[in-house]
Amino acid sequence: MTIAPTRAPAEKGVQLVVRSWRQYVVYVGFVVVFLYFAATQGASFLNGTTLVNIVTQATPITIMAVGTVFVLSLGEIDLSIGSTVALAALTAAVTLQVSGAWWVAALAGLAVGAVVGLVNGLFVTLVRLPSFLVTLATMGLVAGLAQQITNLQSVPVTDEAFGWLFGGGTLLGIPILIWWSAVAAVIGWHVLRQRRFGAHVLAVGNTASAARVSGIRVTRVRIAVFMLSGTTAALAGLLYAGRLAGATYTLGTTDLMSVLAAVIVGGTALTGGRASMIGAVVGSLFMSMINYGLLLAGLTVAQQEIVRGVIILIAVSLSLRGKKGS
Amino acid sequence: MNPLSLSGISKHFGGIVAIERFDLEVEAGEVVALVGDNGAGKSTLVKIISGVHQPTDGEIRLAGERVAFRDASDARANGVEVVYQDLALVDLQPVYMNLFLGRELRRKPFGLLDRAEMARQTQQLVDDLDVRIPTAKATLSDLSGGQRQAIAIARATHWASRLVLMDEPTAALGVAETAKVEELILKLKARGAAVLVVSHNMEQVFRIADRVTVLRRGRQVGTTRVAETSHNELVSMITGLSS
């Protein structure tokens, strides 16, 4: 163990301020970037359609961020979520063509995500490999499968119910995608903060040995979290398939960085044990807003990538710097 | 019936004899110290009583009832709590979550974590034991090493119905913090707990223990009342050299 030296009160106060500043980076960043776009682009940014689009564009990222908060809370990482998006979307689209039933297709897609998560979890726990390596391997494997099953062909999704539920529907005048984001965020927060499972995930991620001697079933918790992560990625896949009215193997391939950035900027520690669900959700909106603002500003795709990379670097540095040592 | 009674406990790892025919009774309201040189088998013995290892031979009785633990959770379910040298606490969680780690209280009907009740019970416990922490809601990493060890001991007290085992509870602490923790151990004793404590520190043994039992290379050299022995005698029992 390490012994914390007795700190002087003043130093403790400073630490408290620094810590809460890091916790709130994402909210401050969100407001600053929002005001910047509002000031520079005026009404083309500040209108209902744009703001709704920012949230609905973010939906798949928001949902994967919810799963990723649990994974990072464990001190693990899941790199396979991006390719799981494509495999789940294609599986759902193909199943829809074969069965014609939207719910069978949805369940098939979600099952694919759960199975990918199960495989990840089993290799991490039973074979005791680092999750970084396991999910790097499954990322490639799943991407390969996604290309294989339809031989690189796109599959259209024409089912109305599926399209409504996972894409263009509205409920009580609010786009269905916003409902999905809200429901995922609320359930994620509830499980993390108000359920035993969330407390156990944080305990395992903080000190697995302490969790184990306290009677927490560490292996079961780890496997469950990877399955949750795979399932959220699959749900994101369904939402892409619904919104774009079709599935292709390239879906989700660039989402991994956005999801990780959203979660880390939101105040969840890569080292485990410390998590913020609300921060991750705001982080995903932050990422979406940057994408949208850069697009409106008329930057080319290449320029957007550069600016996005720089913004992520700055935001992540602000929220992580020095945390490891403290 | 004594809370703990061990008879003829042996443990072999392959051909290596870690513990040979160990006997001990620990009474309620008694602190027994387990001393010995490095590798004498002290930690192995603690692990046997706490269910981490199963003895090769011999029997463990809790309040007269024979027990055979499958694992550490099984031992805990039978009222045996362990305070580990390396704490077994979760740094980034509040004190009350550590106290209830793995046994969180939940509120009916939805099974939500009952944080308020856990914090309330924790506050009451630390107040009763006079553990000085800012609040039960403080994050563990904001506390000193002594405060954290006190929390580990408070947790053991809260859950132990029969026996508290301590493996070098003050090994990593400074002088003032050690004094606080020893005070806490004496409070446990006053509340009628049976305490078995592994210690390297002879002065500490004389300060807190009623009896002391000595292990040397897996063999039990002897058990004696602390009041009837001396520092020199103990050291010669531990080392096997006559003083």
# chains A, B, ... in the order shown; residues from 1 in each chain; ligands from 1
>>> interface_residues(of="chain B", to="chain A", cutoff="6 Å", atoms="only C-alpha atoms", output="mmCIF file with C-alpha atoms, in the first residue's frame")
data_model
loop_
_atom_site.group_PDB
_atom_site.id
_atom_site.type_symbol
_atom_site.label_atom_id
_atom_site.label_comp_id
_atom_site.auth_asym_id
_atom_site.auth_seq_id
_atom_site.Cartn_x
_atom_site.Cartn_y
_atom_site.Cartn_z
ATOM 1 C CA SER B 73 -16.397 -15.715 1.173
ATOM 2 C CA ASP B 86 -2.449 -4.363 2.125
ATOM 3 C CA ALA B 88 -8.245 -4.628 0.661
ATOM 4 C CA LEU B 89 -10.014 -1.291 0.364
ATOM 5 C CA VAL B 90 -11.187 0.635 -2.668
ATOM 6 C CA GLY B 102 -19.732 -6.716 -1.577
ATOM 7 C CA LEU B 112 -31.594 0.623 -5.393
ATOM 8 C CA LEU B 113 -28.421 1.149 -3.389
ATOM 9 C CA SER B 144 -4.241 9.031 5.925
ATOM 10 C CA GLY B 145 -2.795 5.525 6.092
#
>>> select_by_dssp(residues="segment 64-160 of chain B", states="helix (DSSP H, G or I)", output="PyMOL selection string")
chain B and resi 72-77+95-99+115-128+140-142+145-159
>>> select_by_dssp(residues="segment 1-166 of chain B", states="strand (DSSP E or B)", output="MDAnalysis selection string")
chainID B and resid 4:13 16:26 31:36 57:62 65:67 80:83 94 106:107 112:113 139 163:166
>>> write_last_selection(atoms="N, CA and C atoms", output="compact mmCIF listing (two decimals), in the first residue's frame")
# COMPACT_ATOMS: atom_id res chain seq x y z
N LEU B 4 -12.74 -19.41 18.70
CA LEU B 4 -11.87 -20.14 17.77
C LEU B 4 -11.12 -21.23 18.50
N SER B 5 -11.13 -22.41 17.91
CA SER B 5 -10.29 -23.45 18.46
C SER B 5 -9.69 -24.26 17.32
N LEU B 6 -8.36 -24.31 17.31
CA LEU B 6 -7.64 -25.02 16.26
C LEU B 6 -6.96 -26.22 16.91
N SER B 7 -7.07 -27.39 16.28
CA SER B 7 -6.31 -28.50 16.81
C SER B 7 -5.67 -29.32 15.70
N GLY B 8 -4.39 -29.52 15.85
CA GLY B 8 -3.62 -30.35 14.93
C GLY B 8 -3.60 -29.86 13.50
N ILE B 9 -3.66 -28.51 13.31
CA ILE B 9 -3.67 -27.96 11.95
C ILE B 9 -2.30 -28.17 11.28
N SER B 10 -2.32 -28.84 10.12
CA SER B 10 -1.09 -28.98 9.33
C SER B 10 -1.38 -28.55 7.91
N LYS B 11 -0.34 -28.05 7.27
CA LYS B 11 -0.49 -27.67 5.86
C LYS B 11 0.78 -28.04 5.11
N HIS B 12 0.61 -28.85 4.09
CA HIS B 12 1.74 -29.22 3.23
C HIS B 12 1.49 -28.65 1.85
N PHE B 13 2.53 -28.05 1.28
CA PHE B 13 2.46 -27.63 -0.14
C PHE B 13 3.38 -28.58 -0.89
N ILE B 16 6.58 -29.75 0.86
CA ILE B 16 7.05 -28.77 1.84
C ILE B 16 6.04 -28.65 2.97
N VAL B 17 6.52 -28.72 4.19
CA VAL B 17 5.64 -28.60 5.34
C VAL B 17 5.61 -27.13 5.76
N ALA B 18 4.45 -26.49 5.59
CA ALA B 18 4.34 -25.07 5.94
C ALA B 18 3.93 -24.91 7.41
N ILE B 19 3.01 -25.77 7.85
CA ILE B 19 2.54 -25.73 9.24
C ILE B 19 2.47 -27.17 9.74
N GLU B 20 2.95 -27.38 10.96
CA GLU B 20 2.96 -28.74 11.52
C GLU B 20 2.19 -28.75 12.83
N ARG B 21 1.08 -29.46 12.89
CA ARG B 21 0.29 -29.66 14.13
C ARG B 21 0.19 -28.42 15.01
N PHE B 22 -0.60 -27.49 14.56
CA PHE B 22 -0.74 -26.23 15.30
C PHE B 22 -2.03 -26.26 16.12
N ASP B 23 -1.93 -25.92 17.41
CA ASP B 23 -3.10 -25.88 18.29
C ASP B 23 -3.25 -24.50 18.90
N LEU B 24 -4.49 -24.03 18.98
CA LEU B 24 -4.70 -22.74 19.63
C LEU B 24 -6.17 -22.54 19.98
N GLU B 25 -6.41 -21.95 21.14
CA GLU B 25 -7.75 -21.53 21.51
C GLU B 25 -7.72 -20.01 21.65
N VAL B 26 -8.72 -19.33 21.11
CA VAL B 26 -8.83 -17.89 21.34
C VAL B 26 -10.18 -17.63 22.00
N VAL B 31 -7.04 -10.96 23.00
CA VAL B 31 -6.17 -10.71 21.85
C VAL B 31 -5.00 -11.68 21.95
N VAL B 32 -4.86 -12.52 20.93
CA VAL B 32 -3.72 -13.44 20.90
C VAL B 32 -2.80 -13.01 19.76
N ALA B 33 -1.53 -12.88 20.05
CA ALA B 33 -0.56 -12.49 19.03
C ALA B 33 0.09 -13.74 18.46
N LEU B 34 0.32 -13.70 17.16
CA LEU B 34 1.00 -14.81 16.48
C LEU B 34 2.32 -14.23 15.98
N VAL B 35 3.43 -14.74 16.53
CA VAL B 35 4.72 -14.16 16.14
C VAL B 35 5.63 -15.24 15.57
N GLY B 36 6.67 -14.80 14.88
CA GLY B 36 7.62 -15.72 14.27
C GLY B 36 8.41 -14.99 13.21
N ASP B 57 -4.47 -31.22 7.27
CA ASP B 57 -4.92 -32.06 8.37
C ASP B 57 -5.35 -31.16 9.53
N GLY B 58 -6.11 -31.71 10.45
CA GLY B 58 -6.50 -30.96 11.64
C GLY B 58 -7.89 -30.37 11.52
N GLU B 59 -8.37 -29.80 12.64
CA GLU B 59 -9.71 -29.23 12.56
C GLU B 59 -9.83 -27.83 13.14
N ILE B 60 -10.74 -27.07 12.50
CA ILE B 60 -11.04 -25.70 12.92
C ILE B 60 -12.43 -25.74 13.51
N ARG B 61 -12.59 -25.18 14.72
CA ARG B 61 -13.92 -25.07 15.29
C ARG B 61 -14.22 -23.61 15.60
N LEU B 62 -15.41 -23.17 15.22
CA LEU B 62 -15.87 -21.83 15.58
C LEU B 62 -16.99 -22.03 16.58
N GLU B 65 -18.24 -25.48 16.85
CA GLU B 65 -18.77 -26.16 15.68
C GLU B 65 -17.67 -26.35 14.64
N ARG B 66 -17.54 -27.58 14.16
CA ARG B 66 -16.47 -27.84 13.21
C ARG B 66 -16.78 -27.21 11.85
N VAL B 67 -15.80 -26.53 11.25
CA VAL B 67 -16.04 -25.87 9.96
C VAL B 67 -14.96 -26.25 8.95
N VAL B 80 -16.06 -14.82 10.17
CA VAL B 80 -14.62 -14.61 10.30
C VAL B 80 -14.21 -13.47 9.38
N GLU B 81 -13.67 -12.40 9.94
CA GLU B 81 -13.26 -11.25 9.13
C GLU B 81 -11.74 -11.09 9.21
N VAL B 82 -11.15 -10.64 8.11
CA VAL B 82 -9.71 -10.47 8.06
C VAL B 82 -9.35 -9.02 7.77
N VAL B 83 -8.38 -8.49 8.50
CA VAL B 83 -7.81 -7.19 8.17
C VAL B 83 -6.45 -7.46 7.53
N PRO B 94 -16.24 6.21 -1.48
CA PRO B 94 -16.40 6.77 -0.13
C PRO B 94 -16.24 5.71 0.95
N ARG B 106 -29.61 -2.38 0.15
CA ARG B 106 -30.50 -1.94 -0.91
C ARG B 106 -31.86 -1.61 -0.35
N ARG B 107 -32.55 -0.75 -1.09
CA ARG B 107 -33.83 -0.25 -0.64
C ARG B 107 -34.95 -0.94 -1.42
N LEU B 112 -32.61 -0.42 -5.20
CA LEU B 112 -31.59 0.62 -5.39
C LEU B 112 -30.64 0.63 -4.21
N LEU B 113 -29.39 1.02 -4.48
CA LEU B 113 -28.42 1.15 -3.39
C LEU B 113 -28.95 2.15 -2.37
N THR B 139 -13.99 10.46 0.53
CA THR B 139 -13.37 9.48 -0.34
C THR B 139 -12.14 8.91 0.36
N LEU B 163 -14.86 -13.70 15.01
CA LEU B 163 -13.40 -13.66 15.07
C LEU B 163 -12.85 -12.63 14.09
N VAL B 164 -11.86 -11.86 14.55
CA VAL B 164 -11.16 -10.95 13.65
C VAL B 164 -9.71 -11.39 13.55
N LEU B 165 -9.25 -11.61 12.32
CA LEU B 165 -7.84 -11.94 12.08
C LEU B 165 -7.16 -10.70 11.54
N MET B 166 -5.95 -10.41 12.03
CA MET B 166 -5.24 -9.25 11.51
C MET B 166 -3.83 -9.66 11.11
>>> atom_distance(atom1="atom CA of Val95 of chain B", atom2="atom CA of Ser276 of chain A")
19.1 Å
>>> residues_around(residues="segment 201-206 of chain B", least_positions_apart="5", cutoff="8 Å", atoms="only C-alpha atoms", output="list in words")
Ala33, Val212, Val226 and His231 of chain B
>>> write_last_selection(atoms="C-alpha atoms", output="PDB file, in the first residue's frame")
ATOM      1  CA  ALA B  33      -0.559 -12.487  19.029  1.00  0.00           C
ATOM      2  CA  VAL B 212       1.321 -14.914  22.436  1.00  0.00           C
ATOM      3  CA  VAL B 226       2.293 -12.086  27.820  1.00  0.00           C
ATOM      4  CA  HIS B 231      11.114  -9.667  25.546  1.00  0.00           C
TER       5      HIS B 231
END
>>> residues_around(residues="Gln147 of chain A", least_positions_apart="4", cutoff="9 Å", atoms="only C-alpha atoms", output="number ranges by chain")
A: 86-87, 142-143, 151-153, 248-250
>>> atom_distance(atom1="atom CA of Tyr36 of chain A", atom2="atom CA of Ile290 of chain A")
10.5 Å
>>> residues_around(residues="Glu233 of chain B", least_positions_apart="4", cutoff="12 Å", atoms="only C-alpha atoms", output="list in words")
Met202, Val212, Val214, Val221, Gly222, Thr223, Thr224, Val226, Ala227, Glu228, Thr229, Met237, Ile238, Thr239, Gly240, Leu241, Ser242 and Ser243 of chain B
>>> write_last_selection(atoms="C-alpha atoms", output="short mmCIF file (atom, residue, chain, number, x, y, z; two decimals), in the first residue's frame")
data_model
loop_
_atom_site.label_atom_id
_atom_site.label_comp_id
_atom_site.auth_asym_id
_atom_site.auth_seq_id
_atom_site.Cartn_x
_atom_site.Cartn_y
_atom_site.Cartn_z
CA MET B 202 7.59 -7.14 20.02
CA VAL B 212 1.32 -14.91 22.44
CA VAL B 214 5.31 -18.53 18.56
CA VAL B 221 7.31 -23.46 19.73
CA GLY B 222 4.99 -22.45 22.53
CA THR B 223 2.11 -20.34 23.78
CA THR B 224 2.38 -18.18 26.84
CA VAL B 226 2.29 -12.09 27.82
CA ALA B 227 2.42 -11.12 31.49
CA GLU B 228 4.49 -14.20 32.24
CA THR B 229 7.16 -13.76 29.61
CA MET B 237 11.66 -18.63 21.17
CA ILE B 238 11.38 -16.99 17.77
CA THR B 239 15.00 -17.44 16.77
CA GLY B 240 15.71 -20.74 18.56
CA LEU B 241 18.84 -19.28 20.12
CA SER B 242 19.11 -19.13 23.88
CA SER B 243 19.64 -15.66 25.20
#
>>> residues_around(residues="Tyr27 of chain A", least_positions_apart="3", cutoff="9 Å", atoms="only C-alpha atoms", output="MDAnalysis selection string")
chainID A and resid 23:24 30:32 266 279 282:283 286
>>> write_last_selection(atoms="N, CA and C atoms", output="PDB file, in the first residue's frame")
ATOM      1  N   GLN A  23     -12.951  17.640 -13.507  1.00  0.00           N
ATOM      2  CA  GLN A  23     -14.247  16.994 -13.622  1.00  0.00           C
ATOM      3  C   GLN A  23     -15.172  17.786 -14.542  1.00  0.00           C
ATOM      4  N   TYR A  24     -14.988  19.102 -14.524  1.00  0.00           N
ATOM      5  CA  TYR A  24     -15.932  19.941 -15.249  1.00  0.00           C
ATOM      6  C   TYR A  24     -15.416  20.414 -16.603  1.00  0.00           C
ATOM      7  N   PHE A  30     -17.873  22.450 -23.487  1.00  0.00           N
ATOM      8  CA  PHE A  30     -19.127  22.443 -24.237  1.00  0.00           C
ATOM      9  C   PHE A  30     -19.662  23.862 -24.399  1.00  0.00           C
ATOM     10  N   VAL A  31     -19.701  24.583 -23.289  1.00  0.00           N
ATOM     11  CA  VAL A  31     -20.239  25.950 -23.312  1.00  0.00           C
ATOM     12  C   VAL A  31     -19.360  26.861 -24.174  1.00  0.00           C
ATOM     13  N   VAL A  32     -18.040  26.734 -24.017  1.00  0.00           N
ATOM     14  CA  VAL A  32     -17.121  27.602 -24.767  1.00  0.00           C
ATOM     15  C   VAL A  32     -17.276  27.375 -26.264  1.00  0.00           C
ATOM     16  N   GLY A 266     -15.235  13.389 -20.723  1.00  0.00           N
ATOM     17  CA  GLY A 266     -16.321  13.456 -19.758  1.00  0.00           C
ATOM     18  C   GLY A 266     -15.906  13.161 -18.329  1.00  0.00           C
ATOM     19  N   GLY A 279     -21.056  13.043 -17.715  1.00  0.00           N
ATOM     20  CA  GLY A 279     -19.924  13.614 -18.442  1.00  0.00           C
ATOM     21  C   GLY A 279     -19.744  12.965 -19.806  1.00  0.00           C
ATOM     22  N   VAL A 282     -22.524  14.187 -22.182  1.00  0.00           N
ATOM     23  CA  VAL A 282     -22.220  15.561 -22.622  1.00  0.00           C
ATOM     24  C   VAL A 282     -21.009  15.537 -23.555  1.00  0.00           C
ATOM     25  N   GLY A 283     -20.043  14.663 -23.242  1.00  0.00           N
ATOM     26  CA  GLY A 283     -18.869  14.510 -24.105  1.00  0.00           C
ATOM     27  C   GLY A 283     -19.258  14.103 -25.515  1.00  0.00           C
ATOM     28  N   PHE A 286     -20.665  17.034 -27.201  1.00  0.00           N
ATOM     29  CA  PHE A 286     -19.543  17.936 -27.474  1.00  0.00           C
ATOM     30  C   PHE A 286     -18.847  17.547 -28.790  1.00  0.00           C
TER      31      PHE A 286
END
>>> decode(residues="segment 79-134 of chain A", atoms="C-alpha atoms", output="tab-separated table (two decimals), in the first residue's frame")
chain	number	residue	atom	x	y	z
A	79	LEU	CA	-11.46	-1.45	-29.31
A	80	SER	CA	-13.87	-3.77	-31.10
A	81	ILE	CA	-16.97	-1.56	-30.76
A	82	GLY	CA	-16.45	0.19	-34.12
A	83	SER	CA	-16.41	-2.99	-36.16
A	84	THR	CA	-19.21	-4.52	-34.06
A	85	VAL	CA	-21.41	-1.64	-35.26
A	86	ALA	CA	-21.03	-2.78	-38.88
A	87	LEU	CA	-21.42	-6.50	-38.20
A	88	ALA	CA	-24.56	-5.96	-36.10
A	89	ALA	CA	-26.08	-3.58	-38.65
A	90	LEU	CA	-25.45	-6.00	-41.52
A	91	THR	CA	-26.72	-8.97	-39.52
A	92	ALA	CA	-29.91	-7.07	-38.72
A	93	ALA	CA	-30.36	-5.95	-42.35
A	94	VAL	CA	-29.86	-9.46	-43.73
A	95	THR	CA	-32.10	-11.00	-41.07
A	96	LEU	CA	-34.75	-8.44	-41.94
A	97	GLN	CA	-34.66	-9.48	-45.59
A	98	VAL	CA	-34.91	-13.14	-44.69
A	99	SER	CA	-37.48	-12.99	-41.88
A	100	GLY	CA	-39.37	-9.80	-42.62
A	101	ALA	CA	-39.86	-9.23	-38.90
A	102	TRP	CA	-38.24	-6.09	-37.52
A	103	TRP	CA	-37.96	-7.45	-34.00
A	104	VAL	CA	-36.24	-10.66	-35.11
A	105	ALA	CA	-33.74	-8.53	-37.02
A	106	ALA	CA	-33.18	-6.27	-34.01
A	107	LEU	CA	-32.65	-9.21	-31.67
A	108	ALA	CA	-30.25	-10.86	-34.13
A	109	GLY	CA	-28.21	-7.67	-34.35
A	110	LEU	CA	-28.08	-7.23	-30.58
A	111	ALA	CA	-27.15	-10.90	-30.13
A	112	VAL	CA	-24.15	-10.41	-32.41
A	113	GLY	CA	-22.93	-7.61	-30.14
A	114	ALA	CA	-23.47	-9.67	-27.01
A	115	VAL	CA	-21.53	-12.60	-28.49
A	116	VAL	CA	-18.59	-10.39	-29.53
A	117	GLY	CA	-18.59	-9.02	-25.97
A	118	LEU	CA	-18.75	-12.51	-24.50
A	119	VAL	CA	-15.74	-13.59	-26.56
A	120	ASN	CA	-13.82	-10.49	-25.46
A	121	GLY	CA	-14.77	-11.07	-21.83
A	122	LEU	CA	-13.81	-14.74	-21.86
A	123	PHE	CA	-10.39	-14.04	-23.31
A	124	VAL	CA	-9.76	-11.23	-20.84
A	125	THR	CA	-10.85	-13.23	-17.79
A	126	LEU	CA	-10.14	-16.89	-18.46
A	127	VAL	CA	-7.13	-16.60	-20.78
A	128	ARG	CA	-5.99	-13.51	-18.81
A	129	LEU	CA	-4.92	-11.45	-21.79
A	130	PRO	CA	-4.90	-7.64	-21.68
A	131	SER	CA	-8.18	-6.30	-23.08
A	132	PHE	CA	-6.18	-4.03	-25.37
A	133	LEU	CA	-4.79	-7.05	-27.24
A	134	VAL	CA	-7.96	-9.13	-27.14
